[in-house]
>>> print(open('input_13.txt').read())   # compact mmCIF, C-alpha atoms
# COMPACT_ATOMS: atom_id res chain seq x y z
CA MET A 446 96.75 91.41 112.61
CA SER A 447 92.95 91.73 112.30
CA ARG A 448 89.86 90.25 110.69
CA LYS A 449 90.92 91.93 107.44
CA ALA A 450 93.63 89.28 107.10
CA ILE A 451 91.02 86.50 106.86
CA SER A 452 90.77 85.16 103.32
CA LEU A 453 87.37 85.54 101.68
CA TYR A 454 88.32 82.73 99.31
CA ALA A 455 88.84 80.33 102.22
CA LEU A 456 85.61 81.47 103.90
CA LYS A 457 83.61 80.77 100.75
CA GLU A 458 85.04 77.28 100.38
CA VAL A 459 84.45 76.30 104.00
CA VAL A 460 80.96 77.82 104.30
CA ALA A 461 79.91 76.08 101.09
CA ASP A 462 80.61 72.71 102.71
CA LEU A 463 78.81 73.42 105.98
CA GLY A 464 75.18 72.71 106.75
CA GLN A 465 72.27 75.11 106.56
CA VAL A 466 73.08 76.42 110.05
CA PHE A 467 76.55 76.68 111.54
CA THR A 468 78.62 78.56 114.10
CA THR A 469 81.71 80.71 113.86
CA LYS A 470 83.89 77.95 115.30
CA ASP A 471 82.55 75.47 112.72
CA VAL A 472 84.34 77.72 110.25
CA SER A 473 87.43 78.72 112.25
CA GLU A 474 88.21 75.15 113.31
CA ASP A 475 88.05 73.81 109.77
CA ILE A 476 91.49 72.54 108.73
CA ARG A 477 91.36 74.53 105.50
CA MET A 478 90.97 77.78 107.41
CA LYS A 479 94.01 76.93 109.52
CA GLN A 480 96.02 76.02 106.43
CA ALA A 481 95.05 79.31 104.82
CA HIS A 482 96.03 81.35 107.90
CA PRO A 483 99.17 79.78 109.39
CA ASN A 484 100.19 83.04 111.04
CA LEU A 485 96.75 83.72 112.56
CA LYS A 486 95.46 80.32 113.70
CA ASP A 487 97.26 80.47 117.07
CA HIS A 488 96.38 84.09 117.76
CA THR A 489 94.35 84.72 120.92
CA HIS A 490 91.62 86.43 118.87
CA TYR A 491 91.68 84.08 115.86
CA HIS A 492 88.07 82.90 116.32
CA SER A 493 86.93 86.51 116.77
CA PHE A 494 88.77 87.48 113.57
CA VAL A 495 86.88 84.76 111.69
CA GLY A 496 83.58 85.86 113.20
CA GLY A 497 84.25 89.45 112.22
CA ALA A 498 85.15 88.39 108.69
CA LEU A 499 81.92 86.37 108.41
CA SER A 500 80.03 89.51 109.41
CA ASP A 501 81.99 91.74 107.00
CA HIS A 502 81.42 89.38 104.07
CA ARG A 503 77.90 88.18 104.89
CA ALA A 504 76.56 89.53 101.59
CA GLN A 505 79.13 87.69 99.48
CA LEU A 506 78.74 84.55 101.60
CA GLU A 507 74.93 84.84 101.50
CA ILE A 508 74.52 84.26 105.24
CA ASP A 509 72.65 85.88 108.13
CA GLU A 510 73.56 85.98 111.82
CA ILE A 511 70.70 84.49 113.84
CA LYS A 512 72.19 84.34 117.34
CA LYS A 513 75.15 85.97 119.06
CA ASN A 514 77.44 84.69 121.81
CA THR A 515 76.79 80.97 121.80
CA SER A 516 79.48 78.70 123.25
CA ARG A 517 80.85 78.38 119.71
CA GLY A 518 80.50 82.00 118.70
CA SER A 519 77.71 83.47 116.59
CA ARG A 520 75.22 81.16 114.91
CA TRP A 521 74.67 81.70 111.18
CA LYS A 522 72.19 80.49 108.58
CA LYS A 523 72.41 80.49 104.83
CA ILE A 524 70.11 83.02 103.14
CA GLY A 525 67.01 81.48 101.62
CA ILE A 526 66.78 78.66 104.16
CA PRO A 527 63.20 78.52 105.60
CA LEU A 528 62.78 79.16 109.32
CA GLU A 529 61.36 75.66 109.83
CA ALA A 530 64.54 74.15 108.43
CA VAL A 531 66.60 76.27 110.80
CA THR A 532 64.54 75.05 113.79
CA GLU A 533 64.88 71.43 112.71
CA ASN A 534 68.62 71.82 112.29
CA LEU A 535 68.98 73.36 115.75
CA LEU A 536 66.96 70.57 117.37
CA GLU A 537 69.04 67.95 115.61
CA SER A 538 72.27 69.68 116.64
CA SER A 539 71.21 69.95 120.30
CA SER A 540 70.52 66.19 120.50
CA GLN A 541 74.14 65.40 119.66
CA SER A 542 76.71 65.52 122.45
CA VAL A 543 79.52 65.73 119.93
CA ARG A 544 79.31 67.60 116.66
CA GLU A 545 79.88 65.38 113.65
CA PRO A 546 82.91 66.51 111.67
CA GLN A 547 82.23 68.08 108.30
CA PRO A 548 83.92 66.55 105.24
CA GLN A 549 87.18 68.35 104.44
CA ARG A 550 87.97 69.34 100.91
CA THR A 551 91.48 70.25 99.79
CA ILE A 552 91.39 73.03 97.24
CA ASN A 553 94.81 72.45 95.73
CA LYS A 554 95.64 68.76 95.75
CA GLU A 555 99.25 69.09 94.69
CA PHE A 556 100.26 71.46 97.48
CA ASN A 557 97.45 70.70 99.95
CA ILE A 558 96.76 74.39 100.56
CA ILE A 559 93.93 76.80 99.89
CA PRO A 560 94.85 79.62 97.48
CA ASP A 561 95.08 82.65 99.78
CA THR A 562 96.06 86.11 98.62
CA GLY A 563 97.40 86.77 102.11
CA PRO A 564 97.95 89.95 104.16
CA GLN A 565 98.30 93.29 102.39
CA TYR A 566 99.82 96.61 103.51
CA ALA A 567 97.27 99.22 104.59
CA ARG A 568 99.51 102.22 103.85
CA ASP A 569 100.07 101.43 100.17
CA ASN A 570 99.05 104.10 97.68
CA LEU A 571 96.43 103.09 95.09
CA LEU A 572 98.89 101.85 92.49
CA LYS A 573 101.04 99.86 94.90
CA SER A 574 97.99 98.39 96.60
CA ARG A 575 96.68 97.21 93.23
CA MET A 576 100.04 95.75 92.24
CA ARG A 577 100.54 94.03 95.60
CA LYS A 578 97.12 92.42 95.38
CA HIS A 579 97.78 91.21 91.86
CA GLN A 580 101.13 89.67 92.79
CA SER A 581 99.45 88.07 95.81
CA TRP A 582 96.75 86.67 93.54
CA TYR A 583 99.35 85.36 91.09
CA ARG A 584 101.27 83.58 93.85
CA ALA A 585 98.13 81.97 95.25
CA ASN A 586 96.27 81.11 92.06
CA GLU A 587 98.97 80.62 89.41
CA LEU A 588 101.93 79.39 91.46
CA HIS A 589 99.76 77.76 94.19
CA LEU A 590 102.26 78.72 96.87
CA PRO A 591 101.86 80.00 100.45
CA TYR A 592 102.88 83.56 101.32
CA GLY A 593 106.09 84.43 103.15
CA THR A 594 107.60 87.19 105.25
CA GLY A 595 109.47 90.38 104.41
CA PRO A 596 110.30 92.66 102.84
CA ARG A 597 113.72 92.30 104.51
CA PRO A 598 115.39 88.99 105.42
CA ASN A 599 114.89 89.35 109.18
CA ASP A 600 111.35 90.73 109.04
CA THR A 601 108.59 88.58 110.53
CA SER A 602 105.60 90.36 108.95
CA SER A 603 103.68 88.27 106.43
CA TYR A 604 102.61 89.72 103.07
CA GLY A 605 100.79 88.15 100.16
CA ASN A 606 103.41 89.30 97.67
CA MET A 607 106.28 87.58 99.52
CA LEU A 608 107.48 84.04 98.82
CA THR A 609 108.65 81.70 101.56
CA ARG A 610 112.38 81.13 101.94
CA VAL A 611 112.06 77.68 100.38
CA ASP A 612 110.04 78.83 97.37
CA GLY A 613 112.12 81.97 96.82
CA GLY A 614 115.31 79.93 97.01
CA ALA A 615 113.88 77.51 94.44
CA GLY A 616 113.46 80.32 91.89
CA ARG A 617 109.67 80.55 91.97
CA ASN A 618 109.84 84.35 91.53
CA PHE A 619 110.87 83.84 87.90
CA LEU A 620 108.88 82.83 84.86
CA THR A 621 111.26 80.17 83.53
CA GLN A 622 114.14 78.03 84.74
CA GLU A 623 116.40 79.76 82.22
CA ILE A 624 115.64 83.17 83.75
CA TYR A 625 116.38 81.78 87.21
CA GLU A 626 119.77 80.55 86.00
CA VAL A 627 120.52 84.05 84.70
CA VAL A 628 119.58 85.38 88.13
CA LEU A 629 121.95 82.96 89.87
CA ASP A 630 124.77 83.95 87.53
CA ARG A 631 124.15 87.62 88.26
CA ILE A 632 124.09 87.04 92.03
CA ALA A 633 127.37 85.14 91.76
CA GLN A 634 129.01 88.16 90.12
CA GLY A 635 128.53 90.03 93.39
CA SER A 636 128.83 93.59 92.04
CA GLY A 637 126.15 96.19 91.59
CA VAL A 638 122.87 96.80 93.38
CA VAL A 639 121.52 93.25 93.58
CA GLU A 640 119.59 92.66 96.81
CA LYS A 641 119.39 88.88 96.98
CA TYR A 642 116.44 88.49 99.35
CA ARG A 643 114.32 91.09 97.56
CA LEU A 644 115.19 89.60 94.19
CA LEU A 645 114.32 86.02 95.15
CA HIS A 646 111.36 86.59 97.46
CA ASN A 647 109.56 89.88 96.75
CA MET A 648 107.15 89.46 93.84
CA LEU A 649 106.27 93.18 93.94
CA SER A 650 109.83 94.37 93.32
CA SER A 651 110.79 95.76 89.92
CA GLN A 652 114.12 93.90 90.03
CA PRO A 653 112.66 90.40 89.48
CA MET A 654 110.35 91.98 86.90
CA CYS A 655 113.41 93.26 85.05
CA PHE A 656 114.91 89.76 85.01
CA ASN A 657 111.58 88.30 83.88
CA LEU A 658 111.46 90.73 80.95
CA PHE A 659 115.09 90.93 79.86
CA GLY A 660 116.57 87.73 81.34
CA PRO A 661 115.89 85.55 78.26
CA LEU A 662 117.90 88.00 76.13
CA VAL A 663 121.08 87.56 78.19
CA ARG A 664 121.99 84.15 76.74
CA ASP A 665 120.33 84.51 73.35
CA CYS A 666 121.72 87.37 71.28
CA ASP A 667 119.67 86.33 68.24
CA LEU A 668 116.49 86.65 70.27
CA ALA A 669 117.76 89.94 71.66
CA LYS A 670 118.39 91.28 68.15
CA ASN A 671 114.90 90.27 67.02
CA LEU A 672 113.19 91.93 69.98
CA LEU A 673 115.42 95.01 70.22
CA ALA A 674 114.61 95.82 66.60
CA THR A 675 111.06 96.63 67.73
CA LEU A 676 112.29 99.21 70.27
CA VAL A 677 114.93 101.35 68.51
CA PRO A 678 114.84 103.05 65.09
CA GLU A 679 118.21 101.79 63.78
CA LYS A 680 118.58 98.65 61.72
CA ILE A 681 120.53 96.20 63.86
CA SER A 682 123.20 93.86 62.57
CA GLU A 683 123.89 92.14 65.91
CA VAL A 684 123.45 92.35 69.67
CA THR A 685 126.84 91.89 71.28
CA ARG A 686 125.79 91.60 74.96
CA VAL A 687 122.92 92.03 77.41
CA GLU A 688 123.57 92.85 81.07
CA ILE A 689 121.24 93.23 84.05
CA GLU A 690 122.10 95.61 86.90
CA TRP A 691 125.10 97.06 85.12
CA ALA A 692 127.17 100.24 85.20
CA PRO A 693 130.41 101.17 83.42
CA GLN A 694 133.60 100.95 85.46
CA PRO A 695 135.45 102.51 87.11
CA ALA A 696 132.60 104.57 88.57
CA LYS A 697 134.90 107.55 89.25
CA ASP A 698 135.27 108.05 85.49
CA TYR A 699 131.51 108.49 85.09
CA LEU A 700 129.20 109.69 87.90
CA ASN A 701 131.36 108.52 90.82
CA ASP A 702 128.36 106.97 92.56
CA ARG A 703 126.34 103.74 92.52
CA THR A 704 123.97 104.72 89.70
CA ALA A 705 123.40 101.73 87.43
CA PHE A 706 121.11 100.65 84.60
CA ASP A 707 118.56 97.99 85.50
CA ALA A 708 119.45 96.44 82.15
CA PHE A 709 121.84 97.31 79.34
CA ILE A 710 121.89 96.15 75.72
CA GLU A 711 124.96 96.67 73.53
CA TYR A 712 124.40 96.34 69.79
CA ARG A 713 125.88 97.17 66.43
CA THR A 714 123.90 98.84 63.66
CA GLU A 715 123.99 97.85 60.00
CA ASP A 716 126.15 100.91 59.23
CA GLY A 717 128.77 99.66 61.71
CA GLN A 718 128.07 101.92 64.69
CA LEU A 719 128.33 100.53 68.21
CA ALA A 720 125.36 101.58 70.34
CA GLY A 721 124.19 101.09 73.90
CA LEU A 722 120.70 101.12 75.39
CA GLY A 723 120.47 101.72 79.14
CA ILE A 724 117.17 100.65 80.70
CA GLU A 725 115.40 101.85 83.84
CA THR A 726 112.41 99.74 84.94
CA LYS A 727 109.54 100.74 87.23
CA LEU A 728 106.64 98.61 88.47
CA SER A 729 105.01 100.30 91.46
CA GLU A 730 107.79 102.01 93.41
CA PRO A 731 108.36 105.76 92.88
CA PHE A 732 111.60 107.31 91.80
CA SER A 733 114.09 107.86 94.61
CA GLN A 734 112.79 110.50 97.00
CA LYS A 735 116.26 111.91 97.74
CA VAL A 736 117.99 114.74 95.94
CA TYR A 737 121.52 113.94 94.81
CA ASP A 738 123.83 116.42 93.12
CA ARG A 739 127.60 116.58 92.75
CA PRO A 740 130.23 118.17 90.48
CA GLU A 741 130.66 114.90 88.55
CA TYR A 742 127.04 115.17 87.42
CA ARG A 743 127.39 118.76 86.23
CA ARG A 744 130.48 117.89 84.25
CA TRP A 745 128.37 115.98 81.72
CA MET A 746 125.84 118.81 81.41
CA GLN A 747 128.51 121.21 80.16
CA LEU A 748 129.30 119.28 76.97
CA PRO A 749 128.84 121.04 73.63
CA ASP A 750 126.30 118.38 72.61
CA SER A 751 124.49 118.37 75.94
CA PRO A 752 120.85 117.21 75.58
CA TRP A 753 119.65 119.69 78.21
CA TYR A 754 118.43 123.24 77.66
CA PRO A 755 120.73 125.82 79.29
CA ASP A 756 117.95 127.03 81.60
CA SER A 757 117.41 123.51 82.97
CA TRP A 758 120.59 123.72 85.09
CA ASN A 759 118.68 124.51 88.30
CA LYS A 760 115.73 122.20 87.55
CA VAL A 761 117.12 118.78 86.69
CA GLN A 762 118.00 117.84 90.27
CA ALA A 763 114.40 118.20 91.51
CA VAL A 764 113.28 115.26 93.65
CA GLU A 765 110.50 114.14 91.30
CA TYR A 766 112.98 113.19 88.59
CA ASN A 767 116.37 113.20 90.31
CA GLN A 768 116.80 109.46 89.77
CA LEU A 769 115.74 109.75 86.14
CA TRP A 770 118.26 112.56 85.63
CA ARG A 771 121.07 110.41 87.06
CA ASP A 772 120.15 107.47 84.83
CA HIS A 773 120.12 109.80 81.85
CA LEU A 774 123.46 111.29 82.91
CA LEU A 775 124.96 107.81 82.97
CA ALA A 776 123.83 107.18 79.40
CA VAL A 777 125.31 110.53 78.32
CA ALA A 778 128.57 109.85 80.18
CA LEU A 779 128.84 106.43 78.56
CA ARG A 780 128.65 108.06 75.14
CA PHE A 781 130.98 111.02 75.75
CA HIS A 782 133.64 109.47 77.97
CA PRO A 783 137.02 110.19 76.31
CA GLU A 784 137.63 106.48 75.75
CA SER A 785 134.07 105.50 74.93
CA PRO A 786 133.65 102.90 72.18
CA TYR A 787 130.04 103.98 71.63
CA ASP A 788 128.77 106.03 68.73
CA ARG A 789 125.30 106.33 70.24
CA THR A 790 123.68 105.71 73.62
CA ARG A 791 120.11 106.08 74.86
CA LEU A 792 118.10 105.62 78.03
CA MET A 793 114.77 103.79 77.88
CA LEU A 794 112.32 104.14 80.77
CA VAL A 795 110.04 101.10 81.15
CA TYR A 796 106.92 101.65 83.25
CA HIS A 797 103.48 100.22 83.95
CA SER A 798 100.69 101.92 82.04
CA GLU A 799 98.75 102.56 85.27
CA ASP A 800 101.66 104.44 86.84
CA ILE A 801 100.37 107.96 86.19
CA ASN A 802 102.98 109.63 88.41
CA CYS A 803 105.84 108.00 86.52
CA VAL A 804 104.44 109.19 83.19
CA ARG A 805 103.96 112.72 84.52
CA ASN A 806 107.49 112.90 85.90
CA PHE A 807 108.93 111.60 82.65
CA LEU A 808 107.05 114.18 80.56
CA ASN A 809 108.08 117.00 82.88
CA TYR A 810 111.69 115.88 82.67
CA LYS A 811 111.52 115.65 78.86
CA ASN A 812 110.57 119.33 78.81
CA LEU A 813 114.07 120.08 80.10
CA LEU A 814 115.65 118.45 77.03
CA ARG A 815 116.24 119.96 73.61
CA ASN A 816 113.51 119.27 71.06
CA ASP A 817 115.94 117.53 68.73
CA ASP A 818 117.33 115.23 71.42
CA ASP A 819 116.70 111.50 71.05
CA SER A 820 118.89 110.22 73.88
CA MET A 821 115.91 109.22 75.99
CA PHE A 822 112.48 107.65 75.44
CA SER A 823 109.89 105.62 77.32
CA LEU A 824 107.69 102.58 76.68
CA SER A 825 105.07 100.93 78.85
CA LEU A 826 105.26 97.23 79.65
CA ASP A 827 102.23 96.45 77.51
CA GLN A 828 103.69 98.34 74.54
CA ILE A 829 106.89 96.29 74.77
CA VAL A 830 105.11 92.96 75.10
CA VAL A 831 102.77 93.71 72.19
CA ARG A 832 105.76 94.55 69.98
CA TRP A 833 107.67 91.47 71.07
CA LEU A 834 104.74 89.13 70.57
CA SER A 835 104.39 90.47 67.02
CA VAL A 836 107.85 89.12 66.13
CA ALA A 837 108.13 86.11 68.48
CA LYS A 838 108.53 82.92 66.46
CA LYS A 839 109.12 80.10 68.94
CA ASP A 840 106.34 78.70 71.10
CA ASP A 841 108.44 78.92 74.27
CA HIS A 842 109.05 82.63 73.62
CA LYS A 843 105.32 83.21 73.14
CA LYS A 844 104.60 81.27 76.33
CA TRP A 845 107.14 83.35 78.28
CA LEU A 846 105.60 86.61 77.07
CA GLY A 847 102.10 85.30 77.77
CA SER A 848 103.13 84.48 81.33
CA PHE A 849 104.66 87.95 81.69
CA LYS A 850 101.37 89.55 80.61
CA LYS A 851 99.41 87.50 83.13
CA ARG A 852 101.76 88.35 85.97
CA TYR A 853 102.37 92.05 85.36
CA ILE A 854 99.93 93.51 82.84
CA ASN A 855 96.52 91.82 82.96
CA LEU A 856 95.46 93.21 86.34
CA ASP A 857 91.79 92.46 85.64
CA LEU A 858 92.52 88.81 86.38
CA SER A 859 92.84 89.58 90.08
CA LYS A 860 89.90 91.96 90.46
CA GLY A 861 87.64 90.89 93.28
CA SER A 862 90.17 88.40 94.62
CA ILE A 863 90.46 90.17 97.98
>>> encode(input="input_13.txt", output="structure tokens")
Amino acid sequence: MSRKAISLYALKEVVADLGQVFTTKDVSEDIRMKQAHPNLKDHTHYHSFVGGALSDHRAQLEIDEIKKNTSRGSRWKKIGIPLEAVTENLLESSSQSVREPQPQRTINKEFNIIPDTGPQYARDNLLKSRMRKHQSWYRANELHLPYGTGPRPNDTSSYGNMLTRVDGGAGRNFLTQEIYEVVLDRIAQGSGVVEKYRLLHNMLSSQPMCFNLFGPLVRDCDLAKNLLATLVPEKISEVTRVEIEWAPQPAKDYLNDRTAFDAFIEYRTEDGQLAGLGIETKLSEPFSQKVYDRPEYRRWMQLPDSPWYPDSWNKVQAVEYNQLWRDHLLAVALRFHPESPYDRTRLMLVYHSEDINCVRNFLNYKNLLRNDDDSMFSLSLDQIVVRWLSVAKKDDHKKWLGSFKKRYINLDLSKGSI
């Protein structure tokens, strides 16, 4: 904990309501500051943190420090206030044995809290830092909710991208009630790689993002057909099912591990073929940093119609795209399993347009595939949303996609928030 955890937003609101001259404790003792910093207000150095933050942000707050180490911390004046006015204010203040309380102003009347982006993580890389700040901004300014702890259930560290247990349990990590119901159904199934706490409480995780993007398709195959038609080249007659966090079973018949698609869409083309689209989603986290390899993987690379070049045998398992290779293998295994019902399968990688490393790894991996192979492709989140908005007909579908853009794509909205 440090002065960096003090919210500039809260400082601006409190300082704006104070007189021409004030002290650090006039700010730190304000109820709005305590509401904005529930995990700092009882800290031994809380008042010092606030004083340090006032100093750090003096330019934005338009204040100057005029005296250090008073009984109530440093004394400050607002820039542009004449010296005579400062002297008069000090004389008036010294004649009062008890400081008159300043009027309190609640920023968010419904929740009685000040929007606060909350603590960040200093060791984030540039992309993750930007994404964490945006999710923190969205929670504070769009959802008007306090921040929680994480990223694991028993962790006590506070982060701006985490929801409280109450808000996470109420489904506030999801864009619509319908999506939240899909989430609850998927949790109830109990299989697959569904981490309940991360899914419900971590706004930065790609798993809730996957539900927020593909969740509405799970219960509406007509909507799924309409939107899927913008992603694949075939003409679609129907979508038969949409799954989230799904893998074919039994696992031993495929890759014999826990590899799964983040989402999977099964559909039938107008010429009667049954097809499957496996989906891998990325928001800010890198691909798995572990190298996995086993005979079951190599089995699918030895097929006559293998999508890989022969000389890629010793390259595909490299750490930078090992996870991507396994996802691709699962799509290939789903198509060529001896009892497979599928005539065609593909893997689609979904990524954020600012994730340069993901794009680079994808392109490098594509170089290991035959030129005529079409079993794998990628689309950015903004490309998908633009395509879907072009065919969305209902107002609630347009609203859902608009909310998705605000939460995950339009990062400019949160610039300067921290």
>>> closest_residue(input="input_13.txt", among="A:Arg703, A:His797, A:Lys522, A:Arg664", to="Val638 (chain A)", atoms="all atoms listed in the file")
A:Arg703
>>> residues_around(input="input_13.txt", residues="Arg577 (chain A)", least_positions_apart="3", cutoff="9 Å", atoms="all atoms listed in the file", output="compact mmCIF listing (two decimals) with C-alpha atoms, in the frame of the given file")
# COMPACT_ATOMS: atom_id res chain seq x y z
CA GLN A 565 98.30 93.29 102.39
CA TYR A 566 99.82 96.61 103.51
CA ASP A 569 100.07 101.43 100.17
CA LEU A 572 98.89 101.85 92.49
CA LYS A 573 101.04 99.86 94.90
CA SER A 574 97.99 98.39 96.60
CA GLN A 580 101.13 89.67 92.79
CA SER A 581 99.45 88.07 95.81
CA TRP A 582 96.75 86.67 93.54
CA TYR A 604 102.61 89.72 103.07
CA GLY A 605 100.79 88.15 100.16
CA ASN A 606 103.41 89.30 97.67
CA MET A 648 107.15 89.46 93.84
CA LEU A 649 106.27 93.18 93.94
CA SER A 729 105.01 100.30 91.46
>>> atom_distance(input="input_13.txt", atom1="CA of Asn647 (chain A)", atom2="CA of Arg575 (chain A)")
15.2 Å
>>> residues_around(input="input_13.txt", residues="region 494-501 of chain A", least_positions_apart="3", cutoff="10 Å", atoms="only C-alpha atoms", output="mmCIF file with C-alpha atoms, in the frame of the given file")
data_model
loop_
_atom_site.group_PDB
_atom_site.id
_atom_site.type_symbol
_atom_site.label_atom_id
_atom_site.label_comp_id
_atom_site.auth_asym_id
_atom_site.auth_seq_id
_atom_site.Cartn_x
_atom_site.Cartn_y
_atom_site.Cartn_z
ATOM 1 C CA MET A 446 96.750 91.410 112.610
ATOM 2 C CA SER A 447 92.950 91.730 112.300
ATOM 3 C CA ARG A 448 89.860 90.250 110.690
ATOM 4 C CA LYS A 449 90.920 91.930 107.440
ATOM 5 C CA ALA A 450 93.630 89.280 107.100
ATOM 6 C CA ILE A 451 91.020 86.500 106.860
ATOM 7 C CA SER A 452 90.770 85.160 103.320
ATOM 8 C CA LEU A 453 87.370 85.540 101.680
ATOM 9 C CA LEU A 456 85.610 81.470 103.900
ATOM 10 C CA LYS A 457 83.610 80.770 100.750
ATOM 11 C CA VAL A 460 80.960 77.820 104.300
ATOM 12 C CA THR A 468 78.620 78.560 114.100
ATOM 13 C CA THR A 469 81.710 80.710 113.860
ATOM 14 C CA LYS A 470 83.890 77.950 115.300
ATOM 15 C CA VAL A 472 84.340 77.720 110.250
ATOM 16 C CA SER A 473 87.430 78.720 112.250
ATOM 17 C CA GLU A 474 88.210 75.150 113.310
ATOM 18 C CA MET A 478 90.970 77.780 107.410
ATOM 19 C CA LEU A 485 96.750 83.720 112.560
ATOM 20 C CA LYS A 486 95.460 80.320 113.700
ATOM 21 C CA HIS A 488 96.380 84.090 117.760
ATOM 22 C CA THR A 489 94.350 84.720 120.920
ATOM 23 C CA HIS A 490 91.620 86.430 118.870
ATOM 24 C CA TYR A 491 91.680 84.080 115.860
ATOM 25 C CA ALA A 504 76.560 89.530 101.590
ATOM 26 C CA GLN A 505 79.130 87.690 99.480
ATOM 27 C CA LEU A 506 78.740 84.550 101.600
ATOM 28 C CA GLU A 507 74.930 84.840 101.500
ATOM 29 C CA ILE A 508 74.520 84.260 105.240
ATOM 30 C CA ASP A 509 72.650 85.880 108.130
ATOM 31 C CA GLU A 510 73.560 85.980 111.820
ATOM 32 C CA GLY A 518 80.500 82.000 118.700
ATOM 33 C CA SER A 519 77.710 83.470 116.590
ATOM 34 C CA ARG A 520 75.220 81.160 114.910
ATOM 35 C CA TRP A 521 74.670 81.700 111.180
#
>>> residues_around(input="input_13.txt", residues="region 689-701 of chain A", least_positions_apart="5", cutoff="6 Å", atoms="all atoms listed in the file", output="PyMOL selection string")
chain A and resi 706-708+741-742+778
>>> atom_distance(input="input_13.txt", atom1="CA of Ala763 (chain A)", atom2="CA of Asp818 (chain A)")
20.5 Å
>>> closest_residue(input="input_13.txt", among="A:Tyr454, A:Phe807, A:Tyr796, A:Phe467", to="Ile829 (chain A)", atoms="only C-alpha atoms")
A:Tyr796
>>> residues_near_point(input="input_13.txt", point="(107.4, 91.8, 83.2)", cutoff="7 Å", atoms="only C-alpha atoms", output="list of chain:residue names")
A:Met654, A:Cys655, A:Asn657, A:Leu658, A:Leu826, A:Phe849, A:Lys850, A:Tyr853
>>> atom_distance(input="input_13.txt", atom1="CA of Leu834 (chain A)", atom2="CA of Ile854 (chain A)")
13.9 Å
>>> closest_residue(input="input_13.txt", among="A:Glu688, A:Glu730, A:Asp817, A:Asp600", to="Gly637 (chain A)", atoms="all atoms listed in the file")
A:Glu688
>>> closest_residue(input="input_13.txt", among="A:Lys670, A:Arg597, A:Lys838, A:Arg832", to="Tyr642 (chain A)", atoms="only C-alpha atoms")
A:Arg597
>>> closest_residue(input="input_13.txt", among="A:Arg643, A:Ile681, A:Glu711, A:Val663", to="Asp630 (chain A)", atoms="only C-alpha atoms")
A:Val663
>>> axis_aligned_box(input="input_13.txt", around="region 643-651 of chain A", padding_each_side="5 Å", output="JSON")
{"center_x": 110.7, "center_y": 90.9, "center_z": 93.7, "size_x": 18.9, "size_y": 19.7, "size_z": 17.6}
>>> closest_residue(input="input_13.txt", among="A:Leu608, A:Ala776, A:Val804, A:Leu588", to="Leu620 (chain A)", atoms="only C-alpha atoms")
A:Leu588
>>> residues_around(input="input_13.txt", residues="Pro752 (chain A)", least_positions_apart="3", cutoff="8 Å", atoms="all atoms listed in the file", output="list in words")
Met746, Leu814, Arg815, Asp818 and Ser820 of chain A
>>> residues_around(input="input_13.txt", residues="Tyr712 (chain A)", least_positions_apart="3", cutoff="12 Å", atoms="all atoms listed in the file", output="number ranges by chain")
A: 666-667, 669-671, 673-674, 677, 679-688, 709, 715-723, 786-791
